[in-house]
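query.cif, holding mmCIF, C-alpha atoms:
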```
data_structure
loop_
_atom_site.label_atom_id
_atom_site.label_comp_id
_atom_site.auth_asym_id
_atom_site.auth_seq_id
_atom_site.Cartn_x
_atom_site.Cartn_y
_atom_site.Cartn_z
CA MET A 1 103.47 160.73 20.79
CA ALA A 2 105.08 160.06 17.49
CA ASP A 3 103.16 160.84 14.36
CA SER A 4 102.30 158.20 11.81
CA LEU A 5 104.36 158.41 8.68
CA TYR A 6 102.89 157.08 5.45
CA VAL A 7 105.43 155.94 2.89
CA TRP A 8 104.35 155.04 -0.63
CA VAL A 9 107.32 153.45 -2.38
CA LYS A 10 107.41 154.02 -6.14
CA GLN A 11 108.23 151.23 -8.54
CA SER A 12 110.70 153.25 -10.54
CA GLU A 13 111.94 156.77 -10.81
CA CYS A 14 114.08 158.53 -13.36
CA ILE A 15 116.33 161.36 -12.25
CA SER A 16 118.83 163.61 -13.96
CA THR A 17 120.62 164.85 -10.82
CA PRO A 18 122.99 162.39 -9.08
CA ALA A 19 121.55 162.70 -5.56
CA VAL A 20 118.78 160.33 -4.45
CA TYR A 21 116.59 161.33 -1.48
CA VAL A 22 113.81 159.51 0.31
CA GLY A 23 111.48 161.88 -1.53
CA THR A 24 112.83 160.51 -4.82
CA VAL A 25 112.05 156.86 -4.18
CA ALA A 26 108.84 157.31 -2.22
CA ARG A 27 105.92 159.59 -1.67
CA VAL A 28 105.78 160.55 1.96
CA TYR A 29 102.94 161.85 4.06
CA CYS A 30 102.98 162.95 7.66
CA SER A 31 100.49 165.19 9.46
CA ASP A 32 103.47 167.21 10.67
CA LYS A 33 104.63 169.01 7.53
CA GLY A 34 108.04 169.82 9.05
CA ILE A 35 108.84 166.15 9.65
CA GLN A 36 107.46 165.26 6.22
CA ASP A 37 109.81 167.69 4.47
CA LYS A 38 112.79 166.62 6.58
CA ILE A 39 112.17 162.94 5.83
CA LYS A 40 111.78 163.68 2.13
CA SER A 41 115.24 165.25 2.08
CA ILE A 42 117.07 162.37 3.82
CA PRO A 43 119.86 161.41 1.40
CA VAL A 44 119.73 157.80 0.21
CA TYR A 45 122.39 157.46 -2.43
CA PHE A 46 124.66 159.45 -4.68
CA PHE A 47 125.46 158.35 -8.23
CA SER A 48 129.18 158.94 -8.59
CA GLU A 49 129.60 157.59 -12.12
CA ARG A 50 129.49 159.96 -15.06
CA GLU A 51 127.22 157.74 -17.10
CA ASN A 52 123.69 156.36 -17.15
CA ALA A 53 123.17 154.00 -14.26
CA GLY A 54 120.49 152.28 -12.26
CA MET A 55 120.25 151.29 -8.61
CA THR A 56 117.66 149.31 -6.71
CA PHE A 57 116.71 150.17 -3.13
CA SER A 58 114.93 147.80 -0.81
CA VAL A 59 112.13 149.31 1.21
CA LEU A 60 113.82 148.01 4.37
CA TYR A 61 116.84 150.17 3.57
CA ILE A 62 114.60 153.22 3.26
CA ILE A 63 112.96 152.38 6.60
CA SER A 64 116.33 151.96 8.29
CA LEU A 65 117.40 155.38 7.00
CA ILE A 66 114.23 157.01 8.28
CA GLN A 67 114.50 155.30 11.65
CA THR A 68 118.05 156.42 12.27
CA GLU A 69 116.77 160.00 11.97
CA TYR A 70 113.41 159.47 13.70
CA PRO A 71 113.69 156.36 15.93
CA ASP A 72 110.17 156.47 17.37
CA ILE A 73 108.16 157.38 14.32
CA GLU A 74 105.49 154.92 13.24
CA ILE A 75 105.89 154.00 9.57
CA GLU A 76 102.95 152.86 7.48
CA LEU A 77 104.09 151.20 4.26
CA LEU A 78 102.25 151.37 0.97
CA GLY A 79 103.22 150.58 -2.60
CA GLU A 80 106.15 148.50 -3.75
CA THR A 81 108.74 146.58 -1.77
CA SER A 82 111.64 147.99 -3.71
CA CYS A 83 112.30 150.92 -5.96
CA ILE A 84 114.60 151.16 -8.94
CA VAL A 85 116.13 154.54 -9.67
CA TYR A 86 117.51 155.30 -13.11
CA TYR A 87 120.10 158.00 -13.27
CA ASN A 88 120.24 159.76 -16.58
CA CYS A 89 123.54 161.50 -16.93
CA LEU A 90 122.94 164.22 -19.48
CA THR A 91 126.32 164.70 -21.08
CA PRO A 92 126.33 166.44 -24.48
CA LYS A 93 127.68 163.23 -26.03
CA GLY A 94 124.89 161.21 -24.41
CA ARG A 95 122.29 163.63 -25.74
CA LEU A 96 123.72 163.36 -29.23
CA MET A 97 123.79 159.56 -29.04
CA GLN A 98 120.20 159.56 -27.88
CA LEU A 99 119.13 161.80 -30.76
CA LEU A 100 120.93 159.52 -33.22
CA TYR A 101 119.34 156.47 -31.63
CA PHE A 102 115.93 158.10 -31.85
CA ILE A 103 116.48 158.78 -35.56
CA LEU A 104 117.47 155.13 -36.07
CA VAL A 105 114.37 153.80 -34.28
CA ALA A 106 112.18 156.29 -36.15
CA LEU A 107 113.61 155.09 -39.46
CA ILE A 108 113.12 151.45 -38.46
CA ALA A 109 109.52 152.24 -37.57
CA LEU A 110 108.87 154.03 -40.87
CA LEU A 111 110.80 151.91 -43.35
CA GLY A 112 110.43 148.65 -41.44
CA ALA A 113 106.65 149.00 -41.44
CA ALA A 114 106.81 149.78 -45.17
CA TYR A 115 109.04 146.74 -45.71
CA SER A 116 106.81 144.39 -43.73
CA ILE A 117 103.59 145.47 -45.45
CA MET A 118 105.32 145.08 -48.83
CA ALA A 119 106.41 141.61 -47.79
CA TYR A 120 102.85 140.87 -46.71
CA ASN A 121 101.38 142.16 -49.98
CA THR A 122 103.85 140.13 -52.00
CA ASP A 123 103.38 137.04 -49.87
CA THR A 124 99.61 137.08 -50.19
CA GLY A 125 99.69 138.11 -53.86
CA MET A 126 97.70 141.24 -53.11
CA THR A 127 98.24 142.76 -56.57
CA GLU A 128 96.86 139.67 -58.33
CA LEU A 129 94.01 139.44 -55.83
CA LEU A 130 92.96 143.04 -56.43
CA GLN A 131 93.24 142.57 -60.20
CA ALA A 132 91.07 139.45 -59.92
CA LEU A 133 88.56 141.37 -57.78
CA HIS A 134 88.55 144.14 -60.37
CA LYS A 135 87.69 141.60 -63.06
CA MET A 136 85.12 139.93 -60.83
CA PHE A 137 83.34 143.18 -60.01
CA THR A 138 83.54 145.06 -63.27
CA GLY A 139 84.10 142.36 -65.86
CA ARG A 140 87.08 144.21 -67.31
CA GLU A 141 90.78 143.51 -67.10
CA SER A 142 92.37 146.06 -64.80
CA GLY A 143 95.93 146.13 -66.09
CA ASP A 144 98.50 147.58 -63.72
CA PHE A 145 96.13 150.07 -62.17
CA SER A 146 92.91 149.26 -60.35
CA VAL A 147 90.74 151.59 -58.26
CA GLY A 148 90.65 148.71 -55.78
CA MET A 149 94.35 149.29 -55.10
CA VAL A 150 93.69 152.93 -54.25
CA SER A 151 90.81 152.20 -51.92
CA TYR A 152 92.70 149.29 -50.35
CA SER A 153 95.61 151.60 -49.58
CA ILE A 154 93.35 154.29 -48.19
CA GLY A 155 91.45 151.69 -46.17
CA LEU A 156 94.75 150.49 -44.74
CA LEU A 157 95.67 154.06 -43.77
CA PHE A 158 92.31 154.73 -42.14
CA GLY A 159 92.29 151.38 -40.39
CA MET A 160 95.71 152.04 -38.85
CA LEU A 161 94.59 155.50 -37.73
CA LEU A 162 91.45 153.97 -36.26
CA PHE A 163 93.16 151.15 -34.38
CA PHE A 164 96.03 153.26 -33.13
CA ASN A 165 93.44 155.84 -32.02
CA HIS A 166 95.16 158.68 -33.87
CA GLY A 167 93.92 162.15 -34.79
CA ILE A 168 91.80 162.46 -37.94
CA VAL A 169 89.73 159.27 -37.57
CA GLY A 170 90.05 158.09 -33.98
CA ARG A 171 88.65 160.17 -31.18
CA LYS A 172 91.34 162.60 -30.19
CA ASN A 173 90.92 161.89 -26.50
CA LYS A 174 93.47 161.38 -23.74
CA GLU A 175 93.04 157.62 -23.64
CA PRO A 176 96.40 155.91 -24.17
CA THR A 177 96.95 154.27 -27.55
CA PRO A 178 97.81 150.53 -27.85
CA LEU A 179 101.55 151.13 -28.07
CA GLN A 180 101.48 153.44 -25.07
CA VAL A 181 99.72 150.76 -23.05
CA GLN A 182 102.24 148.19 -24.28
CA MET A 183 105.07 150.54 -23.36
CA ARG A 184 103.81 150.86 -19.77
CA GLU A 185 103.39 147.09 -19.44
CA TYR A 186 106.85 146.55 -20.82
CA GLU A 187 108.29 149.16 -18.47
CA GLU A 188 106.74 147.39 -15.50
CA GLU A 189 108.10 144.00 -16.58
CA VAL A 190 111.58 145.46 -17.07
CA ASN A 191 111.46 147.12 -13.65
CA THR A 192 110.40 143.89 -11.95
CA ALA A 193 113.09 141.90 -13.76
CA ALA A 194 115.77 144.47 -12.91
CA MET A 195 114.75 144.42 -9.24
CA MET A 196 114.86 140.62 -9.05
CA ASP A 197 118.22 140.67 -10.79
CA ALA A 198 119.59 143.21 -8.33
CA ALA A 199 118.25 141.20 -5.39
CA ARG A 200 119.90 138.01 -6.67
CA LYS A 201 123.21 139.56 -7.53
CA GLY A 202 123.22 141.40 -4.26
CA THR A 203 123.65 144.82 -5.83
CA MET A 204 120.42 145.98 -4.26
CA ARG A 205 120.72 148.44 -1.39
CA ASP A 206 119.32 146.47 1.50
CA VAL A 207 119.58 146.47 5.27
CA ASP A 208 122.23 143.78 5.51
CA MET B 1 78.83 150.35 -64.22
CA TRP B 2 79.34 152.73 -61.31
CA ILE B 3 77.62 150.38 -58.87
CA ARG B 4 80.19 147.68 -59.61
CA TYR B 5 83.02 150.10 -59.07
CA THR B 6 81.42 151.25 -55.83
CA ALA B 7 81.20 147.65 -54.66
CA LEU B 8 84.84 147.04 -55.59
CA ILE B 9 85.98 150.22 -53.84
CA LEU B 10 83.96 149.36 -50.75
CA ILE B 11 85.22 145.80 -50.44
CA ALA B 12 88.85 146.81 -51.01
CA PHE B 13 88.47 149.63 -48.47
CA VAL B 14 87.06 147.26 -45.84
CA ALA B 15 89.77 144.72 -46.63
CA GLY B 16 92.34 147.46 -46.02
CA ILE B 17 90.77 148.33 -42.66
CA SER B 18 90.69 144.73 -41.46
CA ILE B 19 94.30 144.12 -42.51
CA ALA B 20 95.27 147.34 -40.74
CA GLY B 21 93.58 145.97 -37.63
CA ALA B 22 95.56 142.75 -37.87
CA PHE B 23 98.78 144.69 -38.42
CA VAL B 24 98.20 146.91 -35.40
CA ALA B 25 97.26 143.95 -33.22
CA PHE B 26 100.37 142.05 -34.31
CA ILE B 27 102.75 144.97 -33.78
CA THR B 28 101.21 145.70 -30.38
CA LEU B 29 101.27 142.08 -29.23
CA ILE B 30 104.83 141.48 -30.39
CA GLY B 31 105.93 144.73 -28.81
CA ILE B 32 108.87 145.60 -31.06
CA LEU B 33 108.74 149.33 -30.52
CA PRO B 34 108.49 149.36 -26.73
CA ALA B 35 111.53 147.09 -26.65
CA LEU B 36 113.44 149.32 -29.06
CA ALA B 37 112.41 152.53 -27.36
CA ARG B 38 113.24 151.03 -23.98
CA GLN B 39 116.85 150.50 -25.07
CA GLU B 40 117.38 154.13 -24.14
CA ARG B 41 116.34 153.11 -20.68
CA PHE B 42 116.26 156.52 -19.17
CA PHE B 43 113.38 158.11 -21.01
CA ALA B 44 115.23 161.35 -21.52
CA TYR B 45 114.48 162.03 -25.14
CA PRO B 46 116.07 165.03 -26.76
CA SER B 47 113.82 168.03 -26.29
CA VAL B 48 113.57 168.42 -30.08
CA VAL B 49 111.83 165.07 -30.27
CA LEU B 50 109.52 165.84 -27.36
CA ARG B 51 108.61 169.19 -28.86
CA MET B 52 107.98 167.50 -32.18
CA GLY B 53 105.65 165.02 -30.47
CA ALA B 54 103.85 167.75 -28.56
CA TRP B 55 103.62 170.03 -31.58
CA LEU B 56 102.18 167.29 -33.76
CA PHE B 57 99.64 166.07 -31.27
CA GLY B 58 99.16 168.81 -28.72
CA ARG B 59 99.67 166.45 -25.82
CA GLU B 60 101.38 166.92 -22.51
CA THR B 61 105.17 167.17 -22.55
CA GLU B 62 105.95 166.87 -18.85
CA GLY B 63 107.19 163.83 -16.95
CA ALA B 64 105.81 160.47 -17.94
CA GLY B 65 103.73 162.09 -20.65
CA SER B 66 106.88 162.73 -22.64
CA MET B 67 107.30 159.00 -23.26
CA ALA B 68 103.70 158.84 -24.40
CA ASN B 69 104.43 161.60 -26.90
CA VAL B 70 107.35 159.68 -28.32
CA MET B 71 105.33 156.47 -28.63
CA TYR B 72 102.67 158.52 -30.41
CA LEU B 73 105.31 159.75 -32.82
CA TYR B 74 106.48 156.19 -33.48
CA GLU B 75 102.91 155.07 -34.12
CA SER B 76 102.47 157.86 -36.65
CA LEU B 77 105.67 156.78 -38.37
CA ILE B 78 104.44 153.18 -38.55
CA ILE B 79 101.17 154.36 -40.07
CA ALA B 80 103.00 156.50 -42.63
CA GLY B 81 105.35 153.60 -43.39
CA VAL B 82 102.54 151.12 -43.94
CA PHE B 83 100.69 153.54 -46.20
CA LEU B 84 103.75 154.37 -48.30
CA GLY B 85 104.83 150.73 -48.37
CA THR B 86 101.50 149.50 -49.64
CA LEU B 87 101.39 152.24 -52.29
CA CYS B 88 104.88 151.24 -53.42
CA SER B 89 104.14 147.53 -53.50
CA LEU B 90 100.85 147.88 -55.40
CA PHE B 91 101.74 150.60 -57.91
CA GLU B 92 105.43 149.72 -58.21
CA PRO B 93 106.70 153.23 -58.96
CA THR B 94 110.35 153.83 -59.89
CA LEU B 95 111.82 155.99 -57.14
CA HIS B 96 115.30 156.58 -58.62
CA LEU B 97 117.03 156.41 -55.24
CA GLY B 98 119.86 154.28 -56.56
CA TYR B 99 121.92 151.67 -54.74
CA GLY B 100 122.25 153.95 -51.70
CA GLY B 101 118.48 154.12 -51.20
CA LEU B 102 118.16 150.39 -51.81
CA THR B 103 120.90 149.58 -49.29
CA VAL B 104 119.44 151.84 -46.59
CA PHE B 105 115.91 150.55 -47.13
CA THR B 106 116.81 146.87 -47.16
CA PHE B 107 119.19 147.28 -44.21
CA LEU B 108 116.49 148.91 -42.08
CA GLY B 109 113.93 146.41 -43.36
CA GLY B 110 116.29 143.62 -42.32
CA MET B 111 116.73 145.19 -38.89
CA TYR B 112 112.97 145.40 -38.53
CA THR B 113 112.59 141.75 -39.48
CA GLY B 114 115.35 140.83 -37.04
CA CYS B 115 113.57 142.73 -34.28
CA LEU B 116 110.32 141.02 -35.26
CA VAL B 117 111.95 137.60 -34.95
CA GLY B 118 113.56 138.51 -31.65
CA ALA B 119 110.32 139.91 -30.28
CA LEU B 120 108.44 136.80 -31.42
CA GLU B 121 110.95 134.58 -29.63
CA GLU B 122 110.56 136.75 -26.56
CA THR B 123 106.76 136.51 -26.70
CA LEU B 124 106.92 132.74 -27.07
CA ASN B 125 109.44 132.48 -24.21
CA VAL B 126 111.87 130.52 -26.39
CA TYR B 127 115.06 131.43 -24.56
CA PRO B 128 113.82 130.98 -20.98
CA ILE B 129 112.63 127.49 -21.94
CA VAL B 130 115.88 126.64 -23.74
CA SER B 131 117.80 127.88 -20.73
CA ARG B 132 115.78 125.72 -18.34
CA ARG B 133 115.87 122.59 -20.49
CA THR B 134 119.53 122.70 -21.38
CA LYS B 135 120.42 123.83 -17.85
CA ILE B 136 122.51 126.65 -19.29
CA ARG B 137 122.26 129.32 -16.64
CA HIS B 138 125.08 131.55 -17.77
CA GLY B 139 126.14 132.56 -21.23
CA MET B 140 122.69 132.70 -22.79
CA GLY B 141 124.09 135.82 -24.43
CA TYR B 142 126.37 133.60 -26.53
CA VAL B 143 123.44 131.37 -27.48
CA LEU B 144 121.52 134.48 -28.60
CA THR B 145 124.49 135.73 -30.59
CA ALA B 146 124.86 132.32 -32.20
CA ALA B 147 121.18 132.30 -33.13
CA ALA B 148 121.49 135.77 -34.68
CA ALA B 149 124.61 134.74 -36.60
CA GLY B 150 122.77 131.60 -37.73
CA LYS B 151 119.99 133.77 -39.15
CA CYS B 152 122.52 135.87 -41.04
CA VAL B 153 124.23 132.77 -42.47
CA GLY B 154 120.87 131.20 -43.29
CA SER B 155 119.77 134.31 -45.15
CA ILE B 156 123.01 134.39 -47.17
CA LEU B 157 122.62 130.69 -48.00
CA TYR B 158 119.01 131.30 -49.04
CA PHE B 159 119.87 134.09 -51.46
CA PHE B 160 123.25 133.03 -52.84
CA VAL B 161 123.52 129.26 -52.51
CA LEU B 162 120.00 127.85 -52.64
CA LYS B 163 118.92 130.67 -55.00
CA LEU B 164 115.23 130.15 -54.22
#
```

Structure re-expressed in structure tokens:
Amino acid sequence: MADSLYVWVKQSECISTPAVYVGTVARVYCSDKGIQDKIKSIPVYFFSERENAGMTFSVLYIISLIQTEYPDIEIELLGETSCIVYYNCLTPKGRLMQLLYFILVALIALLGAAYSIMAYNTDTGMTELLQALHKMFTGRESGDFSVGMVSYSIGLLFGMLLFFNHGIVGRKNKEPTPLQVQMREYEEEVNTAAMMDAARKGTMRDVD
Amino acid sequence: MWIRYTALILIAFVAGISIAGAFVAFITLIGILPALARQERFFAYPSVVLRMGAWLFGRETEGAGSMANVMYLYESLIIAGVFLGTLCSLFEPTLHLGYGGLTVFTFLGGMYTGCLVGALEETLNVYPIVSRRTKIRHGMGYVLTAAAAGKCVGSILYFFVLKL
């Protein structure tokens, strides 16, 4: 009597070693631990290129690999219908490029946000508005400096901290912040698109 | 007199908070940073960066959590940028960073605006619709490049020819 094998195919996986095993693309459960470990270590693919690459595997391909090793095992499928594996080739040059790219994105985030809020303040005439508010509230001309400007700036800071759920103001809990949620959604969309692309172009590893 | 100042401070503070809310919502909806961060598709950030994220926020550094750390870092940078930017635009200090500073700042600001435009087009599904309507299946990359070049030319015309 063959055991039931439960295969949960992951949507995507990121590896830094070139060899892909069944255990890489799927979570596998079998009541017989020996079979489970053997199936996990069935080789699926080997990234031969010395650069970052991605490869999509159809679940049928995974099944065919398992069945050539264990012809009479009963496979229960869970999860996705294909898995995309990203191979991250960690060459020193690649690491350096990634660090440089990170610095660029960090600078865009910092200075771009500064730029866009300056554009917003200019566009809406925030300085004049705050000066007018100063006059409205206190009856005096504010000149170049108004306490309203200070509290507006601090309010902006606190508001951002609050909405991004960061440290000081927001609860410092483990709940993901808006951008983290967005990142996950985006990741999923990219994975789905990459899989469909691979299926259409025929670069996906499939049974036929 | 103090009650008037308190009222002014309060209303400006609340205005700041609500604008911050709008800013966060916009950035999140448009999704500039996920798209930018995703360019390095393989999530393997240099360990310096991960350690920086973990050190700043005491969060997990393993596996998928590492990406979360980096996004957290980016969020902090946006917050810092917005705060500094609004201080600069309201109090107009002289920073004495010279033409170099100006060039770097405007270049990165321009890149940010470009990303914003691109992300907006992506959110509004402009290019998929154009592709369907014009029946251009291949070479949308050229159309995108042309649109980007058009923006560059338009910006130059705006500043140097129209002189608005």

Counting all atoms listed in the file, which residues of chain B come no farther than 7 Å from chain A, as a PyMOL selection string? chain B and resi 4-5+8-9+12-21+24+28+31+34+36+42+45-46+68+71+74+77-87+89-90+105+108-109+112

Output for the residues just chosen: C-alpha atoms as a short mmCIF file (atom, residue, chain, number, x, y, z; two decimals), in the coordinates of the input:
```
data_model
loop_
_atom_site.label_atom_id
_atom_site.label_comp_id
_atom_site.auth_asym_id
_atom_site.auth_seq_id
_atom_site.Cartn_x
_atom_site.Cartn_y
_atom_site.Cartn_z
CA ARG B 4 80.19 147.68 -59.61
CA TYR B 5 83.02 150.10 -59.07
CA LEU B 8 84.84 147.04 -55.59
CA ILE B 9 85.98 150.22 -53.84
CA ALA B 12 88.85 146.81 -51.01
CA PHE B 13 88.47 149.63 -48.47
CA VAL B 14 87.06 147.26 -45.84
CA ALA B 15 89.77 144.72 -46.63
CA GLY B 16 92.34 147.46 -46.02
CA ILE B 17 90.77 148.33 -42.66
CA SER B 18 90.69 144.73 -41.46
CA ILE B 19 94.30 144.12 -42.51
CA ALA B 20 95.27 147.34 -40.74
CA GLY B 21 93.58 145.97 -37.63
CA VAL B 24 98.20 146.91 -35.40
CA THR B 28 101.21 145.70 -30.38
CA GLY B 31 105.93 144.73 -28.81
CA PRO B 34 108.49 149.36 -26.73
CA LEU B 36 113.44 149.32 -29.06
CA PHE B 42 116.26 156.52 -19.17
CA TYR B 45 114.48 162.03 -25.14
CA PRO B 46 116.07 165.03 -26.76
CA ALA B 68 103.70 158.84 -24.40
CA MET B 71 105.33 156.47 -28.63
CA TYR B 74 106.48 156.19 -33.48
CA LEU B 77 105.67 156.78 -38.37
CA ILE B 78 104.44 153.18 -38.55
CA ILE B 79 101.17 154.36 -40.07
CA ALA B 80 103.00 156.50 -42.63
CA GLY B 81 105.35 153.60 -43.39
CA VAL B 82 102.54 151.12 -43.94
CA PHE B 83 100.69 153.54 -46.20
CA LEU B 84 103.75 154.37 -48.30
CA GLY B 85 104.83 150.73 -48.37
CA THR B 86 101.50 149.50 -49.64
CA LEU B 87 101.39 152.24 -52.29
CA SER B 89 104.14 147.53 -53.50
CA LEU B 90 100.85 147.88 -55.40
CA PHE B 105 115.91 150.55 -47.13
CA LEU B 108 116.49 148.91 -42.08
CA GLY B 109 113.93 146.41 -43.36
CA TYR B 112 112.97 145.40 -38.53
#
```

Using Å and a single decimal, report how far atom CA of A:Thr192 sits from atom CA of A:Cys83. 9.4 Å

May I have the residues within 12 Å of B:Val117 as a PyMOL selection string, using all atoms listed in the file and disregarding those fewer than 5 positions away in the same chain? chain B and resi 27+30-32+110-112+122-124+126+144+147-148+151

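Of note, atom CA of A:Val28 and atom CA of A:Asp208 are spaced 23.8 Å apart.
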
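Note that the spacing between atom CA of B:His138 and atom CA of A:Glu49 amounts to 27.0 Å.
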
Evaluate the PyMOL selection byres ((chain A and resi 47) around 7) on the structure here and hand back the selected residues as a compact mmCIF listing (two decimals) with C-alpha atoms, in the frame of the given file.
```txt
# COMPACT_ATOMS: atom_id res chain seq x y z
CA PRO A 18 122.99 162.39 -9.08
CA ALA A 19 121.55 162.70 -5.56
CA TYR A 45 122.39 157.46 -2.43
CA PHE A 46 124.66 159.45 -4.68
CA SER A 48 129.18 158.94 -8.59
CA GLU A 49 129.60 157.59 -12.12
```

Expand the PyMOL selection byres ((chain A and resi 42) around 8) into the individual residues it matches in the shown file, reporting them as a ChimeraX atom specification. /A:21-23,38-41,43-44,65-66

Which residue of B:Leu33, B:Leu102, B:Ala146, B:Ile136 approaches B:Ala119 most closely, using all atoms listed in the file: B:Leu33
